[in-house]
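Enquirer: Got a structure for you, written out below as structure tokens; questions coming shortly.
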Amino acid sequence: MAPEPVQIAMSSRTGGRARNEDACGHWRSGPAATGDGAGPVCCVLADGAGGHGGGDVASQTAVSTVLEAFAADPGCDAARIRRLIHLANEAVVAHQRPSDATRDMRSTLVVWACDPGRAEAIWGHSGDSRLYGFRDGRVVARTRDHSLYQALLDAGIADPSQLPGNPQRNVLIASLGSLDGFDPDVLAHPYRMEPGDAFLICSDGFWDPVADSDLEAALQRADSPQAWIDELEQSIIRQDRAGQDNFSAIAIWFGTPDFRTRIAAA
């Protein structure tokens, strides 16, 4: 049996926190729907905030809302992705209750979808959870964090080398949880995929301890999306950071990365 055109692996760990406020999931149309398993695919990851239970409610609400809406109307275009993110925001707001921990809950969100048959992907996000795109084992695309630190960096008054562990990195300037002025970033046009492309969607607890060069090196050694995530997770665990944040990731391969084919041939 031929492998799925899109291979997916997911992981979510609590780290050094009392509860896991990250959530992630994916939906794909099956062979029964398409005849070849190559129908639309959607992956989504959220990192909640709010404390005492509000964060996990926010992230789980966002993820379930996106996946249910995508399954009801699958497709890969900017308007649909923007609508999914707005639906998730509305759902988080609707779950806020003035009398309990959910009153101030917020969540980041990354939504990625692809049409394998057309070799097209598209994505959108709000907050500082990231999507990385890789080609030939190298980072070629990355979302821009909606954080105070990123804004200072864009203004030229922050040092990129000071990002890891910087407290300003955690101050978000955009996230799910408010209807006023909500405006997620969505890729304007579909991204043309090539066989061997890879994507990584992850919360800040995952990307903060790991440099882009480490993401690339682990990808170049991996023989599967799961092996890629496993190596990165072990790297984070070995650092043994005090109060390590929840760390979650979704690894996506479109076919088998070209460099793996070249290494095997050599």
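Residues are referred to by chain and number: the chain letter is A, B, ... according to the order shown in the structure tokens, the number counts from 1 in that chain, and ligands are numbered separately from 1 in the order shown.
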Using only C-alpha atoms, find each residue of stretch 80-117 of chain A with at least one atom at most 9 Å away from an atom of stretch 176-182 of chain A; report its shortest atom-to-atom pair and that distance in Å (one decimal), sort the rows by chain and rising residue number, and return the result as CSV.
Expert:
residue,atom,partner,partner_atom,distance
A:Ile85,CA,A:Leu176,CA,8.5
A:His86,CA,A:Phe182,CA,8.0
A:Ala88,CA,A:Leu176,CA,7.5
A:Asn89,CA,A:Leu176,CA,4.9
A:Glu90,CA,A:Leu179,CA,7.0
A:Ala91,CA,A:Gly177,CA,8.6
A:Val92,CA,A:Gly177,CA,5.7
A:Val93,CA,A:Gly177,CA,5.2
A:Ala94,CA,A:Gly177,CA,9.0
A:Gln96,CA,A:Gly177,CA,8.2
A:Asp104,CA,A:Gly177,CA,7.6
A:Met105,CA,A:Gly177,CA,6.4
A:Arg106,CA,A:Gly177,CA,4.7
A:Ser107,CA,A:Leu176,CA,5.0
A:Thr108,CA,A:Leu176,CA,6.1
A:Leu109,CA,A:Leu176,CA,7.4
Enquirer: Now that the selection is made, can you save its residues with all heavy atoms as a tab-separated table (two decimals), in the first residue's frame?
Expert:
chain	number	residue	atom	x	y	z
A	85	ILE	N	-10.63	30.73	11.87
A	85	ILE	CA	-10.00	31.38	13.01
A	85	ILE	C	-10.99	32.31	13.71
A	85	ILE	O	-11.04	32.38	14.95
A	85	ILE	CB	-8.73	32.14	12.57
A	85	ILE	CG1	-7.71	31.15	11.99
A	85	ILE	CG2	-8.12	32.90	13.74
A	85	ILE	CD1	-6.47	31.82	11.40
A	86	HIS	N	-11.81	33.01	12.93
A	86	HIS	CA	-12.83	33.87	13.54
A	86	HIS	C	-13.87	33.03	14.30
A	86	HIS	O	-14.32	33.44	15.38
A	86	HIS	CB	-13.51	34.73	12.47
A	86	HIS	CG	-12.76	35.99	12.16
A	86	HIS	ND1	-12.88	37.13	12.91
A	86	HIS	CD2	-11.86	36.28	11.17
A	86	HIS	CE1	-12.11	38.08	12.41
A	86	HIS	NE2	-11.47	37.58	11.35
A	88	ALA	N	-13.30	30.22	15.79
A	88	ALA	CA	-12.64	29.79	17.02
A	88	ALA	C	-12.62	30.93	18.04
A	88	ALA	O	-12.86	30.70	19.24
A	88	ALA	CB	-11.22	29.32	16.72
A	89	ASN	N	-12.34	32.14	17.58
A	89	ASN	CA	-12.33	33.28	18.49
A	89	ASN	C	-13.72	33.51	19.10
A	89	ASN	O	-13.86	33.72	20.31
A	89	ASN	CB	-11.87	34.53	17.75
A	89	ASN	CG	-11.77	35.73	18.67
A	89	ASN	OD1	-11.18	35.66	19.74
A	89	ASN	ND2	-12.36	36.84	18.26
A	90	GLU	N	-14.73	33.43	18.27
A	90	GLU	CA	-16.09	33.62	18.77
A	90	GLU	C	-16.46	32.54	19.79
A	90	GLU	O	-17.14	32.82	20.79
A	90	GLU	CB	-17.07	33.61	17.59
A	90	GLU	CG	-16.93	34.81	16.66
A	90	GLU	CD	-17.64	34.61	15.33
A	90	GLU	OE1	-18.35	33.59	15.19
A	90	GLU	OE2	-17.46	35.46	14.44
A	91	ALA	N	-16.00	31.31	19.55
A	91	ALA	CA	-16.30	30.23	20.47
A	91	ALA	C	-15.61	30.43	21.82
A	91	ALA	O	-16.20	30.18	22.88
A	91	ALA	CB	-15.88	28.88	19.87
A	92	VAL	N	-14.37	30.90	21.80
A	92	VAL	CA	-13.65	31.18	23.05
A	92	VAL	C	-14.36	32.28	23.83
A	92	VAL	O	-14.58	32.17	25.04
A	92	VAL	CB	-12.18	31.56	22.77
A	92	VAL	CG1	-11.51	32.10	24.03
A	92	VAL	CG2	-11.41	30.35	22.25
A	93	VAL	N	-14.75	33.35	23.14
A	93	VAL	CA	-15.46	34.44	23.80
A	93	VAL	C	-16.78	33.94	24.39
A	93	VAL	O	-17.16	34.30	25.52
A	93	VAL	CB	-15.71	35.60	22.82
A	93	VAL	CG1	-16.62	36.66	23.43
A	93	VAL	CG2	-14.37	36.24	22.40
A	94	ALA	N	-17.48	33.09	23.65
A	94	ALA	CA	-18.77	32.58	24.11
A	94	ALA	C	-18.63	31.71	25.36
A	94	ALA	O	-19.57	31.60	26.14
A	94	ALA	CB	-19.44	31.77	23.00
A	96	GLN	N	-16.43	32.32	27.78
A	96	GLN	CA	-15.97	33.12	28.92
A	96	GLN	C	-17.13	33.39	29.88
A	96	GLN	O	-18.22	33.76	29.44
A	96	GLN	CB	-15.37	34.45	28.43
A	96	GLN	CG	-14.08	34.27	27.65
A	96	GLN	CD	-13.61	35.56	26.97
A	96	GLN	OE1	-14.41	36.48	26.76
A	96	GLN	NE2	-12.35	35.63	26.62
A	104	ASP	N	-11.16	35.59	31.77
A	104	ASP	CA	-10.08	36.26	31.06
A	104	ASP	C	-9.30	35.31	30.16
A	104	ASP	O	-8.18	35.61	29.76
A	104	ASP	CB	-9.11	36.91	32.06
A	104	ASP	CG	-9.76	38.02	32.86
A	104	ASP	OD1	-10.53	38.78	32.27
A	104	ASP	OD2	-9.49	38.11	34.07
A	105	MET	N	-9.88	34.16	29.85
A	105	MET	CA	-9.10	33.17	29.10
A	105	MET	C	-8.82	33.64	27.68
A	105	MET	O	-9.64	34.31	27.04
A	105	MET	CB	-9.80	31.82	29.10
A	105	MET	CG	-11.08	31.73	28.31
A	105	MET	SD	-11.79	30.06	28.47
A	105	MET	CE	-13.17	30.19	27.34
A	106	ARG	N	-7.64	33.28	27.23
A	106	ARG	CA	-7.17	33.62	25.89
A	106	ARG	C	-6.51	32.39	25.29
A	106	ARG	O	-6.23	31.41	25.98
A	106	ARG	CB	-6.15	34.77	25.93
A	106	ARG	CG	-6.67	36.08	26.50
A	106	ARG	CD	-7.59	36.77	25.51
A	106	ARG	NE	-7.99	38.10	25.94
A	106	ARG	CZ	-9.02	38.38	26.71
A	106	ARG	NH1	-9.78	37.39	27.16
A	106	ARG	NH2	-9.32	39.62	27.04
A	107	SER	N	-6.24	32.44	24.01
A	107	SER	CA	-5.52	31.33	23.38
A	107	SER	C	-4.85	31.80	22.10
A	107	SER	O	-5.37	32.66	21.39
A	107	SER	CB	-6.48	30.18	23.03
A	107	SER	OG	-5.77	29.09	22.45
A	108	THR	N	-3.68	31.25	21.84
A	108	THR	CA	-3.07	31.38	20.52
A	108	THR	C	-3.76	30.37	19.61
A	108	THR	O	-4.48	29.49	20.06
A	108	THR	CB	-1.57	31.10	20.56
A	108	THR	OG1	-1.37	29.70	20.80
A	108	THR	CG2	-0.88	31.91	21.65
A	109	LEU	N	-3.49	30.47	18.32
A	109	LEU	CA	-4.05	29.50	17.38
A	109	LEU	C	-3.24	29.50	16.09
A	109	LEU	O	-2.88	30.57	15.57
A	109	LEU	CB	-5.51	29.84	17.05
A	109	LEU	CG	-6.25	28.84	16.15
A	109	LEU	CD1	-6.45	27.51	16.86
A	109	LEU	CD2	-7.60	29.40	15.72
Enquirer: What are the closest atom pairs, with distances in Å to one decimal, for all residues of stretch 162-227 of chain A lying within 8 Å of stretch 133-149 of chain A? Consider only C-alpha atoms, order rows by chain and residue number, and present the result as JSON lines.
Expert:
{"residue": "A:Leu163", "atom": "CA", "partner": "A:Tyr149", "partner_atom": "CA", "distance": 7.6}
{"residue": "A:Gln168", "atom": "CA", "partner": "A:Tyr149", "partner_atom": "CA", "distance": 5.3}
{"residue": "A:Arg169", "atom": "CA", "partner": "A:Tyr149", "partner_atom": "CA", "distance": 5.0}
{"residue": "A:Asn170", "atom": "CA", "partner": "A:Ser147", "partner_atom": "CA", "distance": 6.8}
{"residue": "A:Val171", "atom": "CA", "partner": "A:Leu148", "partner_atom": "CA", "distance": 5.5}
{"residue": "A:Leu172", "atom": "CA", "partner": "A:Ser147", "partner_atom": "CA", "distance": 4.2}
{"residue": "A:Ile173", "atom": "CA", "partner": "A:Ser147", "partner_atom": "CA", "distance": 5.1}
{"residue": "A:Ala174", "atom": "CA", "partner": "A:His146", "partner_atom": "CA", "distance": 5.5}
{"residue": "A:Ser175", "atom": "CA", "partner": "A:His146", "partner_atom": "CA", "distance": 7.8}
{"residue": "A:Gly196", "atom": "CA", "partner": "A:Arg135", "partner_atom": "CA", "distance": 7.0}
{"residue": "A:Asp197", "atom": "CA", "partner": "A:Arg135", "partner_atom": "CA", "distance": 5.0}
{"residue": "A:Ala198", "atom": "CA", "partner": "A:Phe134", "partner_atom": "CA", "distance": 5.0}
{"residue": "A:Phe199", "atom": "CA", "partner": "A:Gly133", "partner_atom": "CA", "distance": 4.6}
{"residue": "A:Leu200", "atom": "CA", "partner": "A:Gly133", "partner_atom": "CA", "distance": 6.7}
{"residue": "A:Asp212", "atom": "CA", "partner": "A:Val139", "partner_atom": "CA", "distance": 7.3}
{"residue": "A:Glu216", "atom": "CA", "partner": "A:Arg138", "partner_atom": "CA", "distance": 5.6}
{"residue": "A:Ala217", "atom": "CA", "partner": "A:Gly137", "partner_atom": "CA", "distance": 7.7}
{"residue": "A:Leu219", "atom": "CA", "partner": "A:Gly137", "partner_atom": "CA", "distance": 6.3}
{"residue": "A:Gln220", "atom": "CA", "partner": "A:Gly137", "partner_atom": "CA", "distance": 5.8}
Enquirer: Next, write the just-selected residues to a file, as a short mmCIF file (atom, residue, chain, number, x, y, z; two decimals), in the first residue's frame, keeping all heavy atoms as the atom set.
Expert:
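Just written: selection.cif:
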data_model
loop_
_atom_site.label_atom_id
_atom_site.label_comp_id
_atom_site.auth_asym_id
_atom_site.auth_seq_id
_atom_site.Cartn_x
_atom_site.Cartn_y
_atom_site.Cartn_z
N LEU A 163 15.98 36.84 22.64
CA LEU A 163 14.62 36.31 22.64
C LEU A 163 14.42 35.15 23.60
O LEU A 163 13.48 35.16 24.40
CB LEU A 163 14.20 35.91 21.23
CG LEU A 163 12.83 35.23 21.10
CD1 LEU A 163 11.72 36.14 21.62
CD2 LEU A 163 12.56 34.83 19.66
N GLN A 168 9.47 39.68 27.91
CA GLN A 168 8.62 40.40 26.96
C GLN A 168 8.12 39.48 25.85
O GLN A 168 7.12 39.80 25.20
CB GLN A 168 9.40 41.58 26.36
CG GLN A 168 9.72 42.68 27.36
CD GLN A 168 10.61 43.74 26.76
OE1 GLN A 168 11.50 43.47 25.96
NE2 GLN A 168 10.38 44.99 27.15
N ARG A 169 8.79 38.34 25.66
CA ARG A 169 8.36 37.40 24.63
C ARG A 169 6.97 36.86 24.92
O ARG A 169 6.22 36.51 24.01
CB ARG A 169 9.37 36.24 24.55
CG ARG A 169 9.00 35.18 23.55
CD ARG A 169 9.89 33.97 23.63
NE ARG A 169 9.78 33.26 24.89
CZ ARG A 169 8.76 32.49 25.24
NH1 ARG A 169 7.72 32.38 24.44
NH2 ARG A 169 8.74 31.87 26.39
N ASN A 170 6.60 36.79 26.20
CA ASN A 170 5.33 36.19 26.58
C ASN A 170 4.17 37.17 26.58
O ASN A 170 3.03 36.78 26.84
CB ASN A 170 5.44 35.57 27.98
CG ASN A 170 6.48 34.45 28.03
OD1 ASN A 170 7.50 34.57 28.67
ND2 ASN A 170 6.23 33.37 27.31
N VAL A 171 4.44 38.44 26.31
CA VAL A 171 3.38 39.45 26.30
C VAL A 171 2.78 39.48 24.89
O VAL A 171 3.41 39.97 23.94
CB VAL A 171 3.91 40.83 26.70
CG1 VAL A 171 2.77 41.86 26.67
CG2 VAL A 171 4.56 40.78 28.07
N LEU A 172 1.56 38.98 24.74
CA LEU A 172 0.93 38.91 23.43
C LEU A 172 0.22 40.22 23.10
O LEU A 172 -0.37 40.86 23.97
CB LEU A 172 -0.08 37.76 23.38
CG LEU A 172 0.47 36.36 23.59
CD1 LEU A 172 -0.66 35.34 23.46
CD2 LEU A 172 1.59 36.05 22.62
N ILE A 173 0.26 40.58 21.84
CA ILE A 173 -0.48 41.75 21.37
C ILE A 173 -1.67 41.32 20.51
O ILE A 173 -2.45 42.15 20.07
CB ILE A 173 0.42 42.74 20.60
CG1 ILE A 173 1.06 42.05 19.38
CG2 ILE A 173 1.51 43.29 21.51
CD1 ILE A 173 1.88 43.00 18.51
N ALA A 174 -1.83 40.02 20.30
CA ALA A 174 -2.99 39.48 19.60
C ALA A 174 -3.19 38.04 20.02
O ALA A 174 -2.22 37.29 20.18
CB ALA A 174 -2.81 39.57 18.08
N SER A 175 -4.43 37.65 20.22
CA SER A 175 -4.78 36.28 20.57
C SER A 175 -6.28 36.12 20.48
O SER A 175 -7.01 37.10 20.30
CB SER A 175 -4.30 35.94 21.99
OG SER A 175 -4.98 36.73 22.95
N GLY A 196 8.48 16.30 -0.49
CA GLY A 196 9.59 16.42 0.43
C GLY A 196 9.49 17.62 1.35
O GLY A 196 10.29 17.76 2.27
N ASP A 197 8.52 18.50 1.13
CA ASP A 197 8.33 19.63 2.04
C ASP A 197 7.88 19.14 3.40
O ASP A 197 7.20 18.11 3.53
CB ASP A 197 7.28 20.60 1.48
CG ASP A 197 7.82 21.51 0.39
OD1 ASP A 197 9.04 21.43 0.10
OD2 ASP A 197 7.04 22.29 -0.17
N ALA A 198 8.25 19.88 4.43
CA ALA A 198 7.85 19.56 5.80
C ALA A 198 7.36 20.82 6.49
O ALA A 198 7.76 21.93 6.12
CB ALA A 198 9.02 18.94 6.57
N PHE A 199 6.50 20.63 7.48
CA PHE A 199 5.98 21.75 8.27
C PHE A 199 6.01 21.35 9.74
O PHE A 199 5.83 20.17 10.08
CB PHE A 199 4.54 22.08 7.86
CG PHE A 199 4.38 22.46 6.42
CD1 PHE A 199 4.16 21.47 5.45
CD2 PHE A 199 4.45 23.78 6.02
CE1 PHE A 199 4.02 21.81 4.11
CE2 PHE A 199 4.31 24.12 4.68
CZ PHE A 199 4.09 23.14 3.72
N LEU A 200 6.22 22.34 10.59
CA LEU A 200 6.18 22.12 12.03
C LEU A 200 5.32 23.22 12.65
O LEU A 200 5.59 24.41 12.46
CB LEU A 200 7.58 22.16 12.63
CG LEU A 200 7.66 21.88 14.14
CD1 LEU A 200 7.37 20.41 14.42
CD2 LEU A 200 9.03 22.27 14.70
N ASP A 212 16.43 27.43 15.30
CA ASP A 212 16.04 27.00 13.96
C ASP A 212 17.02 25.96 13.40
O ASP A 212 16.62 25.01 12.74
CB ASP A 212 15.99 28.20 13.00
CG ASP A 212 14.79 29.10 13.25
OD1 ASP A 212 14.10 28.90 14.29
OD2 ASP A 212 14.54 30.00 12.43
N GLU A 216 16.26 22.12 11.94
CA GLU A 216 16.73 21.64 10.65
C GLU A 216 17.56 20.36 10.80
O GLU A 216 17.38 19.39 10.06
CB GLU A 216 17.56 22.72 9.96
CG GLU A 216 16.76 23.95 9.59
CD GLU A 216 17.63 25.09 9.09
OE1 GLU A 216 18.86 25.09 9.38
OE2 GLU A 216 17.10 25.99 8.42
N ALA A 217 18.49 20.37 11.75
CA ALA A 217 19.37 19.22 11.93
C ALA A 217 18.57 17.97 12.30
O ALA A 217 18.83 16.87 11.80
CB ALA A 217 20.42 19.52 12.99
N LEU A 219 15.43 17.38 11.61
CA LEU A 219 14.66 16.97 10.43
C LEU A 219 15.53 16.17 9.47
O LEU A 219 15.10 15.15 8.92
CB LEU A 219 14.09 18.20 9.72
CG LEU A 219 13.39 17.97 8.38
CD1 LEU A 219 12.20 17.03 8.53
CD2 LEU A 219 12.94 19.31 7.78
N GLN A 220 16.75 16.61 9.26
CA GLN A 220 17.64 15.94 8.33
C GLN A 220 18.06 14.55 8.80
O GLN A 220 18.46 13.72 7.99
CB GLN A 220 18.87 16.82 8.08
CG GLN A 220 18.54 18.11 7.34
CD GLN A 220 19.66 19.12 7.36
OE1 GLN A 220 20.82 18.77 7.55
NE2 GLN A 220 19.33 20.39 7.17
#
Enquirer: Please identify all polymer residues within 6 Å of stretch 245-255 of chain A, counting only C-alpha atoms, omitting same-chain residues fewer than 6 positions from it, and present them as a PyMOL selection string.
Expert: chain A and resi 5-15+20+195-203+205-206+225
Enquirer: Just to be explicit: take each residue in the selection above, keep N, CA and C atoms, and write the result as a compact mmCIF listing (two decimals), in the first residue's frame.
Expert:
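Below you can see again-v2.txt, which holds the result:
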# COMPACT_ATOMS: atom_id res chain seq x y z
N PRO A 5 -0.07 10.62 1.23
CA PRO A 5 0.69 11.75 0.70
C PRO A 5 1.05 12.77 1.77
N VAL A 6 0.27 12.81 2.84
CA VAL A 6 0.57 13.70 3.96
C VAL A 6 0.71 12.86 5.22
N GLN A 7 1.90 12.87 5.81
CA GLN A 7 2.16 12.14 7.04
C GLN A 7 2.16 13.12 8.21
N ILE A 8 1.52 12.75 9.32
CA ILE A 8 1.34 13.65 10.46
C ILE A 8 1.72 12.94 11.74
N ALA A 9 2.42 13.66 12.63
CA ALA A 9 2.70 13.18 13.98
C ALA A 9 2.43 14.34 14.94
N MET A 10 1.91 14.01 16.12
CA MET A 10 1.58 15.04 17.11
C MET A 10 2.08 14.63 18.48
N SER A 11 2.37 15.64 19.30
CA SER A 11 2.73 15.38 20.69
C SER A 11 2.42 16.62 21.52
N SER A 12 1.99 16.41 22.75
CA SER A 12 1.74 17.52 23.67
C SER A 12 2.12 17.08 25.07
N ARG A 13 3.03 17.84 25.71
CA ARG A 13 3.54 17.49 27.03
C ARG A 13 3.32 18.63 28.02
N THR A 14 3.14 18.27 29.27
CA THR A 14 2.86 19.25 30.32
C THR A 14 4.11 20.04 30.72
N GLY A 15 5.30 19.46 30.56
CA GLY A 15 6.51 20.14 30.98
C GLY A 15 6.56 20.25 32.50
N ASN A 20 -1.73 21.01 31.49
CA ASN A 20 -1.40 21.26 30.09
C ASN A 20 -2.48 22.14 29.47
N PRO A 195 7.11 17.80 -3.34
CA PRO A 195 7.36 16.56 -2.61
C PRO A 195 8.61 16.68 -1.74
N GLY A 196 8.48 16.30 -0.49
CA GLY A 196 9.59 16.42 0.43
C GLY A 196 9.49 17.62 1.35
N ASP A 197 8.52 18.50 1.13
CA ASP A 197 8.33 19.63 2.04
C ASP A 197 7.88 19.14 3.40
N ALA A 198 8.25 19.88 4.43
CA ALA A 198 7.85 19.56 5.80
C ALA A 198 7.36 20.82 6.49
N PHE A 199 6.50 20.63 7.48
CA PHE A 199 5.98 21.75 8.27
C PHE A 199 6.01 21.35 9.74
N LEU A 200 6.22 22.34 10.59
CA LEU A 200 6.18 22.12 12.03
C LEU A 200 5.32 23.22 12.65
N ILE A 201 4.27 22.82 13.36
CA ILE A 201 3.42 23.75 14.10
C ILE A 201 3.70 23.51 15.58
N CYS A 202 3.98 24.57 16.35
CA CYS A 202 4.36 24.33 17.73
C CYS A 202 4.04 25.52 18.63
N SER A 203 3.85 25.22 19.91
CA SER A 203 3.63 26.26 20.91
C SER A 203 4.96 26.88 21.30
N GLY A 205 6.37 27.01 24.10
CA GLY A 205 7.14 26.14 24.97
C GLY A 205 7.99 25.16 24.21
N PHE A 206 7.63 24.90 22.96
CA PHE A 206 8.40 23.99 22.11
C PHE A 206 9.49 24.75 21.36
N PRO A 225 7.98 11.70 10.56
CA PRO A 225 7.58 12.87 11.36
C PRO A 225 7.65 12.60 12.85
Enquirer: List the spatial neighbours of A:Cys24 as a ChimeraX atom specification - criterion: any atom at most 7 Å away, only C-alpha atoms, same-chain residues fewer than 2 positions off excluded.
Expert: /A:22,44-46,63
Enquirer: Store the residues picked out above, limited to N, CA and C atoms, as a PDB file, in the first residue's frame.
Expert:
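New file selection19.pdb:
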ATOM      1  N   ASP A  22      -2.026  23.487  26.418  1.00  0.00           N
ATOM      2  CA  ASP A  22      -1.914  23.350  24.966  1.00  0.00           C
ATOM      3  C   ASP A  22      -2.950  22.340  24.486  1.00  0.00           C
ATOM      4  N   VAL A  44      -4.336  21.795  13.522  1.00  0.00           N
ATOM      5  CA  VAL A  44      -4.557  22.985  14.342  1.00  0.00           C
ATOM      6  C   VAL A  44      -3.910  22.804  15.704  1.00  0.00           C
ATOM      7  N   LEU A  45      -3.335  23.893  16.212  1.00  0.00           N
ATOM      8  CA  LEU A  45      -2.680  23.889  17.528  1.00  0.00           C
ATOM      9  C   LEU A  45      -3.006  25.189  18.234  1.00  0.00           C
ATOM     10  N   ALA A  46      -3.249  25.089  19.545  1.00  0.00           N
ATOM     11  CA  ALA A  46      -3.578  26.257  20.354  1.00  0.00           C
ATOM     12  C   ALA A  46      -2.871  26.172  21.697  1.00  0.00           C
ATOM     13  N   VAL A  63      -9.472  24.465  19.245  1.00  0.00           N
ATOM     14  CA  VAL A  63      -9.121  23.332  18.380  1.00  0.00           C
ATOM     15  C   VAL A  63     -10.368  22.588  17.915  1.00  0.00           C
TER      16      VAL A  63
END
Enquirer: Just list as JSON, numbers by chain whatever in stretch 16-241 of chain A DSSP marks as alpha helix (DSSP H).
Expert: {"A": [31, 32, 33, 34, 54, 55, 56, 57, 58, 59, 60, 61, 62, 63, 64, 65, 66, 67, 68, 69, 70, 71, 72, 78, 79, 80, 81, 82, 83, 84, 85, 86, 87, 88, 89, 90, 91, 92, 93, 94, 95, 148, 149, 150, 151, 152, 153, 154, 204, 205, 206, 207, 212, 213, 214, 215, 216, 217, 218, 219, 220, 221, 225, 226, 227, 228, 229, 230, 231, 232, 233, 234, 235, 236, 237, 238, 239]}
